[in-house]
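Structure file model38.pdb (PDB, C-alpha atoms) follows.
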ATOM      1  CA  MET A 188     -52.096  13.538 -35.793
ATOM      2  CA  ALA A 189     -50.804  12.853 -32.295
ATOM      3  CA  VAL A 190     -47.037  13.103 -31.806
ATOM      4  CA  PHE A 191     -45.232  11.667 -28.797
ATOM      5  CA  GLY A 192     -41.635  12.688 -28.172
ATOM      6  CA  ALA A 193     -42.216  16.090 -29.756
ATOM      7  CA  THR A 194     -39.740  17.898 -27.498
ATOM      8  CA  GLY A 195     -36.853  15.697 -28.625
ATOM      9  CA  ARG A 196     -34.616  16.638 -31.528
ATOM     10  CA  ALA A 197     -36.267  14.288 -34.021
ATOM     11  CA  GLY A 198     -39.758  15.032 -32.727
ATOM     12  CA  ARG A 199     -39.368  18.768 -33.135
ATOM     13  CA  VAL A 200     -38.453  18.324 -36.795
ATOM     14  CA  VAL A 201     -41.394  15.979 -37.385
ATOM     15  CA  VAL A 202     -43.777  18.502 -35.839
ATOM     16  CA  ASP A 203     -42.305  21.342 -37.934
ATOM     17  CA  HIS A 204     -42.718  19.353 -41.167
ATOM     18  CA  ALA A 205     -46.241  18.268 -40.235
ATOM     19  CA  LEU A 206     -47.377  21.831 -39.522
ATOM     20  CA  ARG A 207     -45.842  23.074 -42.764
ATOM     21  CA  GLY A 208     -47.822  20.349 -44.500
ATOM     22  CA  ASP A 209     -51.058  21.746 -43.028
ATOM     23  CA  HIS A 210     -51.564  18.858 -40.618
ATOM     24  CA  GLU A 211     -53.188  19.499 -37.272
ATOM     25  CA  VAL A 212     -50.910  18.212 -34.541
ATOM     26  CA  CYS A 213     -51.469  17.400 -30.880
ATOM     27  CA  THR A 214     -48.446  16.625 -28.734
ATOM     28  CA  LEU A 215     -47.863  15.474 -25.181
ATOM     29  CA  ALA A 216     -45.099  17.188 -23.215
ATOM     30  CA  ARG A 217     -44.071  17.152 -19.581
ATOM     31  CA  ASP A 218     -43.057  20.787 -20.058
ATOM     32  CA  PRO A 219     -45.407  22.378 -22.633
ATOM     33  CA  ALA A 220     -43.348  25.587 -22.545
ATOM     34  CA  ARG A 221     -40.650  23.776 -24.521
ATOM     35  CA  LEU A 222     -42.905  23.857 -27.598
ATOM     36  CA  ARG A 223     -43.448  27.181 -29.346
ATOM     37  CA  PRO A 224     -47.161  27.984 -29.825
ATOM     38  CA  ARG A 225     -48.196  27.843 -33.486
ATOM     39  CA  ALA A 226     -51.347  27.585 -35.554
ATOM     40  CA  GLY A 227     -52.420  23.968 -35.863
ATOM     41  CA  LEU A 228     -50.521  22.825 -32.771
ATOM     42  CA  ARG A 229     -52.182  21.732 -29.530
ATOM     43  CA  VAL A 230     -50.054  20.720 -26.556
ATOM     44  CA  VAL A 231     -51.231  18.536 -23.683
ATOM     45  CA  GLY A 232     -49.219  18.678 -20.483
ATOM     46  CA  GLY A 233     -48.345  15.347 -18.927
ATOM     47  CA  ASP A 234     -46.301  12.172 -19.064
ATOM     48  CA  VAL A 235     -46.518   9.451 -21.715
ATOM     49  CA  ARG A 236     -46.947   6.865 -18.952
ATOM     50  CA  ASP A 237     -50.175   8.571 -17.804
ATOM     51  CA  PRO A 238     -53.180   6.915 -19.524
ATOM     52  CA  ALA A 239     -55.415   9.975 -19.085
ATOM     53  CA  ALA A 240     -52.874  12.351 -20.630
ATOM     54  CA  VAL A 241     -52.232   9.958 -23.517
ATOM     55  CA  ALA A 242     -55.959   9.524 -24.169
ATOM     56  CA  GLU A 243     -56.401  13.307 -24.239
ATOM     57  CA  THR A 244     -53.559  13.614 -26.753
ATOM     58  CA  LEU A 245     -55.088  10.929 -28.985
ATOM     59  CA  GLU A 246     -58.554  12.475 -28.959
ATOM     60  CA  GLY A 247     -59.595  13.337 -32.515
ATOM     61  CA  ALA A 248     -56.352  12.045 -34.062
ATOM     62  CA  ASP A 249     -56.313   9.942 -37.228
ATOM     63  CA  ALA A 250     -52.759   8.691 -36.717
ATOM     64  CA  VAL A 251     -49.952   8.523 -34.164
ATOM     65  CA  ILE A 252     -46.256   9.245 -34.575
ATOM     66  CA  SER A 253     -43.815   8.375 -31.808
ATOM     67  CA  THR A 254     -40.256   9.675 -31.739
ATOM     68  CA  LEU A 255     -39.792   8.814 -28.079
ATOM     69  CA  GLY A 256     -36.184   8.386 -27.033
ATOM     70  CA  ARG A 257     -34.651   7.041 -23.861
ATOM     71  CA  ARG A 258     -32.654   9.312 -21.607
ATOM     72  CA  ARG A 259     -30.837   7.995 -18.562
ATOM     73  CA  GLN A 260     -33.372   9.391 -16.107
ATOM     74  CA  ASP A 261     -36.362   8.172 -18.116
ATOM     75  CA  GLY A 262     -35.915   4.423 -17.746
ATOM     76  CA  ASP A 263     -37.679   2.379 -20.424
ATOM     77  CA  VAL A 264     -39.748   5.294 -21.690
ATOM     78  CA  CYS A 265     -40.169   3.900 -25.218
ATOM     79  CA  THR A 266     -41.551   0.586 -23.984
ATOM     80  CA  ASP A 267     -43.709   2.170 -21.294
ATOM     81  CA  GLY A 268     -44.915   4.930 -23.597
ATOM     82  CA  ILE A 269     -45.934   2.664 -26.463
ATOM     83  CA  ARG A 270     -47.636   0.307 -24.005
ATOM     84  CA  THR A 271     -49.730   3.233 -22.770
ATOM     85  CA  VAL A 272     -50.476   4.434 -26.306
ATOM     86  CA  LEU A 273     -51.552   0.964 -27.455
ATOM     87  CA  SER A 274     -53.789   0.571 -24.418
ATOM     88  CA  ALA A 275     -55.412   3.966 -24.971
ATOM     89  CA  ALA A 276     -55.813   3.308 -28.695
ATOM     90  CA  ALA A 277     -57.534  -0.035 -28.130
ATOM     91  CA  GLY A 278     -60.951   1.611 -28.162
ATOM     92  CA  ASN A 279     -61.998   4.123 -30.798
ATOM     93  CA  MET A 280     -58.584   5.742 -31.044
ATOM     94  CA  PRO A 281     -56.399   5.690 -34.198
ATOM     95  CA  ARG A 282     -54.978   2.352 -35.367
ATOM     96  CA  ARG A 283     -52.219   3.873 -37.521
ATOM     97  CA  LEU A 284     -48.884   4.213 -35.709
ATOM     98  CA  ILE A 285     -45.455   5.152 -37.045
ATOM     99  CA  VAL A 286     -42.722   4.651 -34.474
ATOM    100  CA  LEU A 287     -39.060   5.654 -34.567
ATOM    101  CA  SER A 288     -36.655   2.905 -33.544
ATOM    102  CA  ASN A 289     -32.956   2.148 -33.993
ATOM    103  CA  TYR A 290     -31.160   0.049 -36.539
ATOM    104  CA  GLY A 291     -29.568  -2.944 -34.833
ATOM    105  CA  VAL A 292     -32.506  -4.223 -32.790
ATOM    106  CA  ALA A 293     -34.677  -7.322 -33.225
ATOM    107  CA  ASP A 294     -34.262  -8.842 -36.700
ATOM    108  CA  SER A 295     -31.841  -6.054 -37.741
ATOM    109  CA  ARG A 296     -29.374  -7.160 -35.040
ATOM    110  CA  ARG A 297     -26.776  -8.497 -37.458
ATOM    111  CA  ARG A 298     -23.097  -9.286 -36.974
ATOM    112  CA  THR A 299     -21.709  -6.021 -38.276
ATOM    113  CA  ALA A 300     -19.343  -3.430 -36.828
ATOM    114  CA  TYR A 301     -22.158  -0.855 -36.740
ATOM    115  CA  VAL A 302     -24.446  -3.085 -34.673
ATOM    116  CA  ALA A 303     -21.658  -4.297 -32.371
ATOM    117  CA  VAL A 304     -20.555  -0.754 -31.508
ATOM    118  CA  SER A 305     -24.152   0.411 -31.088
ATOM    119  CA  TRP A 306     -24.849  -2.292 -28.515
ATOM    120  CA  LEU A 307     -21.566  -1.604 -26.761
ATOM    121  CA  LEU A 308     -22.350   2.100 -26.363
ATOM    122  CA  GLU A 309     -26.152   2.178 -26.131
ATOM    123  CA  ARG A 310     -27.244  -1.186 -24.720
ATOM    124  CA  ALA A 311     -29.993   0.227 -22.484
ATOM    125  CA  VAL A 312     -31.393   2.358 -25.319
ATOM    126  CA  LEU A 313     -31.474  -0.528 -27.785
ATOM    127  CA  ARG A 314     -32.986  -2.919 -25.269
ATOM    128  CA  ASP A 315     -35.767  -0.412 -24.625
ATOM    129  CA  LYS A 316     -36.395  -0.090 -28.375
ATOM    130  CA  GLU A 317     -36.372  -3.869 -28.792
ATOM    131  CA  HIS A 318     -39.023  -4.329 -26.096
ATOM    132  CA  MET A 319     -41.046  -1.502 -27.665
ATOM    133  CA  GLU A 320     -40.950  -3.200 -31.061
ATOM    134  CA  ALA A 321     -42.142  -6.475 -29.538
ATOM    135  CA  LEU A 322     -45.210  -4.724 -28.112
ATOM    136  CA  LEU A 323     -46.046  -3.314 -31.532
ATOM    137  CA  ARG A 324     -45.675  -6.650 -33.302
ATOM    138  CA  ASP A 325     -48.021  -8.266 -30.778
ATOM    139  CA  SER A 326     -50.643  -5.532 -31.172
ATOM    140  CA  ASN A 327     -53.545  -5.131 -33.593
ATOM    141  CA  ALA A 328     -52.374  -1.672 -34.641
ATOM    142  CA  ASP A 329     -51.447  -0.741 -38.214
ATOM    143  CA  TRP A 330     -47.869   0.033 -37.217
ATOM    144  CA  THR A 331     -44.744   0.913 -39.112
ATOM    145  CA  ILE A 332     -41.375   0.813 -37.366
ATOM    146  CA  VAL A 333     -38.748   3.146 -38.833
ATOM    147  CA  ARG A 334     -35.221   2.050 -37.920
ATOM    148  CA  ALA A 335     -32.721   4.870 -38.170
ATOM    149  CA  PRO A 336     -28.934   5.045 -37.909
ATOM    150  CA  VAL A 337     -27.108   8.086 -36.497
ATOM    151  CA  LEU A 338     -29.329  11.165 -36.882
ATOM    152  CA  THR A 339     -27.833  14.481 -37.969
ATOM    153  CA  ASN A 340     -28.986  18.096 -38.121
ATOM    154  CA  GLY A 341     -28.399  18.267 -41.870
ATOM    155  CA  PRO A 342     -30.928  19.717 -44.321
ATOM    156  CA  ARG A 343     -33.731  17.906 -46.074
ATOM    157  CA  THR A 344     -32.198  16.439 -49.228
ATOM    158  CA  GLY A 345     -34.811  13.941 -50.383
ATOM    159  CA  ARG A 346     -31.874  11.638 -51.162
ATOM    160  CA  TYR A 347     -32.269   8.721 -48.812
ATOM    161  CA  ARG A 348     -32.767   4.986 -49.125
ATOM    162  CA  THR A 349     -35.291   2.813 -47.330
ATOM    163  CA  GLY A 350     -35.903  -0.910 -47.234
ATOM    164  CA  VAL A 351     -37.052  -3.751 -45.018
ATOM    165  CA  ASP A 352     -33.829  -5.698 -45.641
ATOM    166  CA  LEU A 353     -31.409  -2.773 -45.853
ATOM    167  CA  GLN A 354     -28.062  -3.398 -44.156
ATOM    168  CA  LEU A 355     -26.156  -0.373 -42.903
ATOM    169  CA  SER A 356     -22.459   0.355 -42.950
ATOM    170  CA  PHE A 357     -20.451   1.692 -40.020
ATOM    171  CA  THR A 358     -20.747   5.268 -41.369
ATOM    172  CA  ALA A 359     -24.525   5.205 -41.935
ATOM    173  CA  LYS A 360     -26.469   8.337 -41.030
ATOM    174  CA  VAL A 361     -29.512  10.336 -42.074
ATOM    175  CA  SER A 362     -30.710  13.859 -41.343
ATOM    176  CA  ARG A 363     -33.669  14.390 -39.067
ATOM    177  CA  ALA A 364     -35.243  16.436 -41.859
ATOM    178  CA  ASP A 365     -35.095  13.505 -44.292
ATOM    179  CA  LEU A 366     -36.366  11.196 -41.560
ATOM    180  CA  ALA A 367     -39.347  13.496 -40.974
ATOM    181  CA  GLU A 368     -40.083  13.624 -44.696
ATOM    182  CA  PHE A 369     -40.089   9.843 -44.917
ATOM    183  CA  ILE A 370     -42.318   9.431 -41.851
ATOM    184  CA  LEU A 371     -44.908  11.837 -43.240
ATOM    185  CA  THR A 372     -44.700  10.233 -46.685
ATOM    186  CA  GLU A 373     -45.300   6.821 -45.146
ATOM    187  CA  LEU A 374     -48.217   8.240 -43.190
ATOM    188  CA  ARG A 375     -49.749   9.359 -46.475
ATOM    189  CA  ASP A 376     -48.925   6.341 -48.662
ATOM    190  CA  ASN A 377     -49.131   3.438 -46.172
ATOM    191  CA  VAL A 378     -46.522   1.364 -48.014
ATOM    192  CA  HIS A 379     -45.041  -0.391 -44.966
ATOM    193  CA  ILE A 380     -47.986  -1.294 -42.745
ATOM    194  CA  ARG A 381     -46.911  -3.899 -40.147
ATOM    195  CA  GLN A 382     -43.326  -3.756 -41.429
ATOM    196  CA  SER A 383     -40.005  -2.566 -40.017
ATOM    197  CA  VAL A 384     -38.195  -0.376 -42.516
ATOM    198  CA  THR A 385     -34.647   0.984 -42.320
ATOM    199  CA  ILE A 386     -33.669   4.444 -43.556
ATOM    200  CA  THR A 387     -30.240   5.845 -44.438
ATOM    201  CA  SER A 388     -28.799   8.638 -46.567
TER     202      SER A 388
END
Once more with this new file: its structure as structure tokens, please.
Amino acid sequence: MAVFGATGRAGRVVVDHALRGDHEVCTLARDPARLRPRAGLRVVGGDVRDPAAVAETLEGADAVISTLGRRRQDGDVCTDGIRTVLSAAAGNMPRRLIVLSNYGVADSRRRTAYVAVSWLLERAVLRDKEHMEALLRDSNADWTIVRAPVLTNGPRTGRYRTGVDLQLSFTAKVSRADLAEFILTELRDNVHIRQSVTITS
């Protein structure tokens, strides 16, 4: 599998779980030294906005996982990154994409305290995710969008809920370990192809 955003906190956990599950993983990183060398892991140096670097990362992959996240200096990295991935995957590259997003965007933007506070504090992040989701919905890829609440460093519990119509409370959260487990389970079972699914503990 190809993983984008592997140097972020969620991406690192996804890569760890994938390698423990005997998957072969290729990641793209602007600073490859941030990823510890391990058996089954190949790291391509470069930026997710660079079509050549993205195509090299996708080479030989059966599926794509994106845990890209927006930092202040990155601009709309989620939108730009997924646009580049979709363009590179338009040929003979993998059609299966699982992409991490945020609860509170697009059709999950409901009138709740959780969503209101999220948009107040993280408007640029959520706008980037919303534009990213629109690109996926307009594509021919077999995508799944995973909408997460606050992510924690807690352990893998296996006790989490998912659903396409799940509404989250103000205190909603989920561990990155449980998120990684769900992403890899969805990659195996393909239950939510072309659906946006919310996860919470």
Worksheet entry | Atomic distance atom CA of A:Gly291 - atom CA of A:Lys316, expressed in Å with one decimal |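 According to the coordinates, atom CA of A:Gly291 and atom CA of A:Lys316 are separated by 9.8 Å.
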Practice prompt. Translate the PyMOL selection byres ((chain A and resi 298-307) around 12), as applied to the file shown, into an explicit residue set as a list in words.
Written response: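 Evaluating the PyMOL selection byres ((chain A and resi 298-307) around 12) on these coordinates yields Asn289, Tyr290, Gly291, Val292, Ala293, Asp294, Ser295, Arg296, Arg297, Leu308, Glu309, Arg310, Ala311, Val312, Leu313, Arg314, Asp315, Lys316, Glu317, Ala335, Pro336, Val337, Gln354, Leu355, Ser356, Phe357, Thr358, Ala359 and Lys360 of chain A.
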Discussion item. Given the PyMOL selection byres ((chain A and resi 387) around 6) and the file above, list the residues it selects as a PyMOL selection string.
Written reply: chain A and resi 347-348+360-361+386+388
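Between atom CA of A:Glu368 and atom CA of A:Asp267 the separation is 26.3 Å.
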Practice prompt. Would you list the contacts of A:Leu366 as a VMD selection string, taking every protein, DNA or RNA residue within 10 Å and counting only C-alpha atoms, but skipping same-chain residues closer than 2 positions in sequence?
Written response: chain A and resid 197 200 to 201 287 333 to 335 338 to 339 343 345 347 361 to 364 368 to 372 386 to 388
Discussion item. Expand the PyMOL selection byres ((chain A and resi 218) around 10) into the explicit residue set it covers here, and present it as a ChimeraX atom specification.
Written reply: /A:194,215-217,219-222,230-234
Discussion item. Rounded to one decimal, what separation in Å do you get between atom CA of A:Ile285 and atom CA of A:Glu211?
Written reply: 16.3 Å
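Residues in contact range of A:Arg225, defined as at most 12 Å between only C-alpha atoms, with sequence neighbours fewer than 4 positions away removed, read Val202, Asp203, Ala205, Leu206, Arg207, Asp209, His210, Glu211, Val212, Cys213, Arg229 and Val230 of chain A.
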Worksheet, complete the sentence: Closest of A:Ala277, A:Arg381, A:Pro342, A:Glu373 to A:Leu323, counting all atoms listed in the file, is A:Arg381
Would you compute an axis-aligned box for stretch 347-355 of chain A, covering every atom listed for it in the file with 5 Å of margin on each side, and report centre and edge lengths in Å to one decimal as JSON?
{"center_x": -31.6, "center_y": 1.5, "center_z": -46.0, "size_x": 20.9, "size_y": 24.4, "size_z": 16.2}
Practice prompt. Fewer than 4 positions away in the same chain doesn't count, so skip those; otherwise give me all residues within 10 Å of A:Val241, counting only C-alpha atoms, as a list of chain:residue names.
Written response: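 Here the qualifying residues turn out to be A:Ala189, A:Phe191, A:Thr214, A:Leu215, A:Val231, A:Gly232, A:Gly233, A:Asp234, A:Val235, A:Arg236, A:Asp237, A:Leu245, A:Glu246, A:Gly268, A:Thr271, A:Val272, A:Leu273, A:Ser274, A:Ala275, A:Ala276.
Nearest residue to A:Asp325 among A:Pro224, A:Arg199, A:Ile269, A:Ala242 is A:Ile269, counting only C-alpha atoms.
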List as a short mmCIF file (atom, residue, chain, number, x, y, z; two decimals) with C-alpha atoms, keeping the file's coordinate frame: which residues have an atom within 10 Å of (-51.6, -0.7, -41.1), counting all atoms listed in the file?
data_model
loop_
_atom_site.label_atom_id
_atom_site.label_comp_id
_atom_site.auth_asym_id
_atom_site.auth_seq_id
_atom_site.Cartn_x
_atom_site.Cartn_y
_atom_site.Cartn_z
CA ARG A 282 -54.98 2.35 -35.37
CA ARG A 283 -52.22 3.87 -37.52
CA LEU A 284 -48.88 4.21 -35.71
CA ILE A 285 -45.46 5.15 -37.04
CA ASN A 327 -53.54 -5.13 -33.59
CA ALA A 328 -52.37 -1.67 -34.64
CA ASP A 329 -51.45 -0.74 -38.21
CA TRP A 330 -47.87 0.03 -37.22
CA THR A 331 -44.74 0.91 -39.11
CA LEU A 374 -48.22 8.24 -43.19
CA ASN A 377 -49.13 3.44 -46.17
CA VAL A 378 -46.52 1.36 -48.01
CA HIS A 379 -45.04 -0.39 -44.97
CA ILE A 380 -47.99 -1.29 -42.74
CA ARG A 381 -46.91 -3.90 -40.15
CA GLN A 382 -43.33 -3.76 -41.43
#
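Take the candidates A:Val286, A:Ala367, A:Gly198, A:Thr344 and check each one against A:Val384 using only C-alpha atoms; the shortest distance goes to A:Val286.
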Worksheet entry | Given only C-alpha atoms as the counted atoms, nearest of A:Gly256, A:Pro238, A:Gly227, A:Gly247 to A:Gly192 | A:Gly256
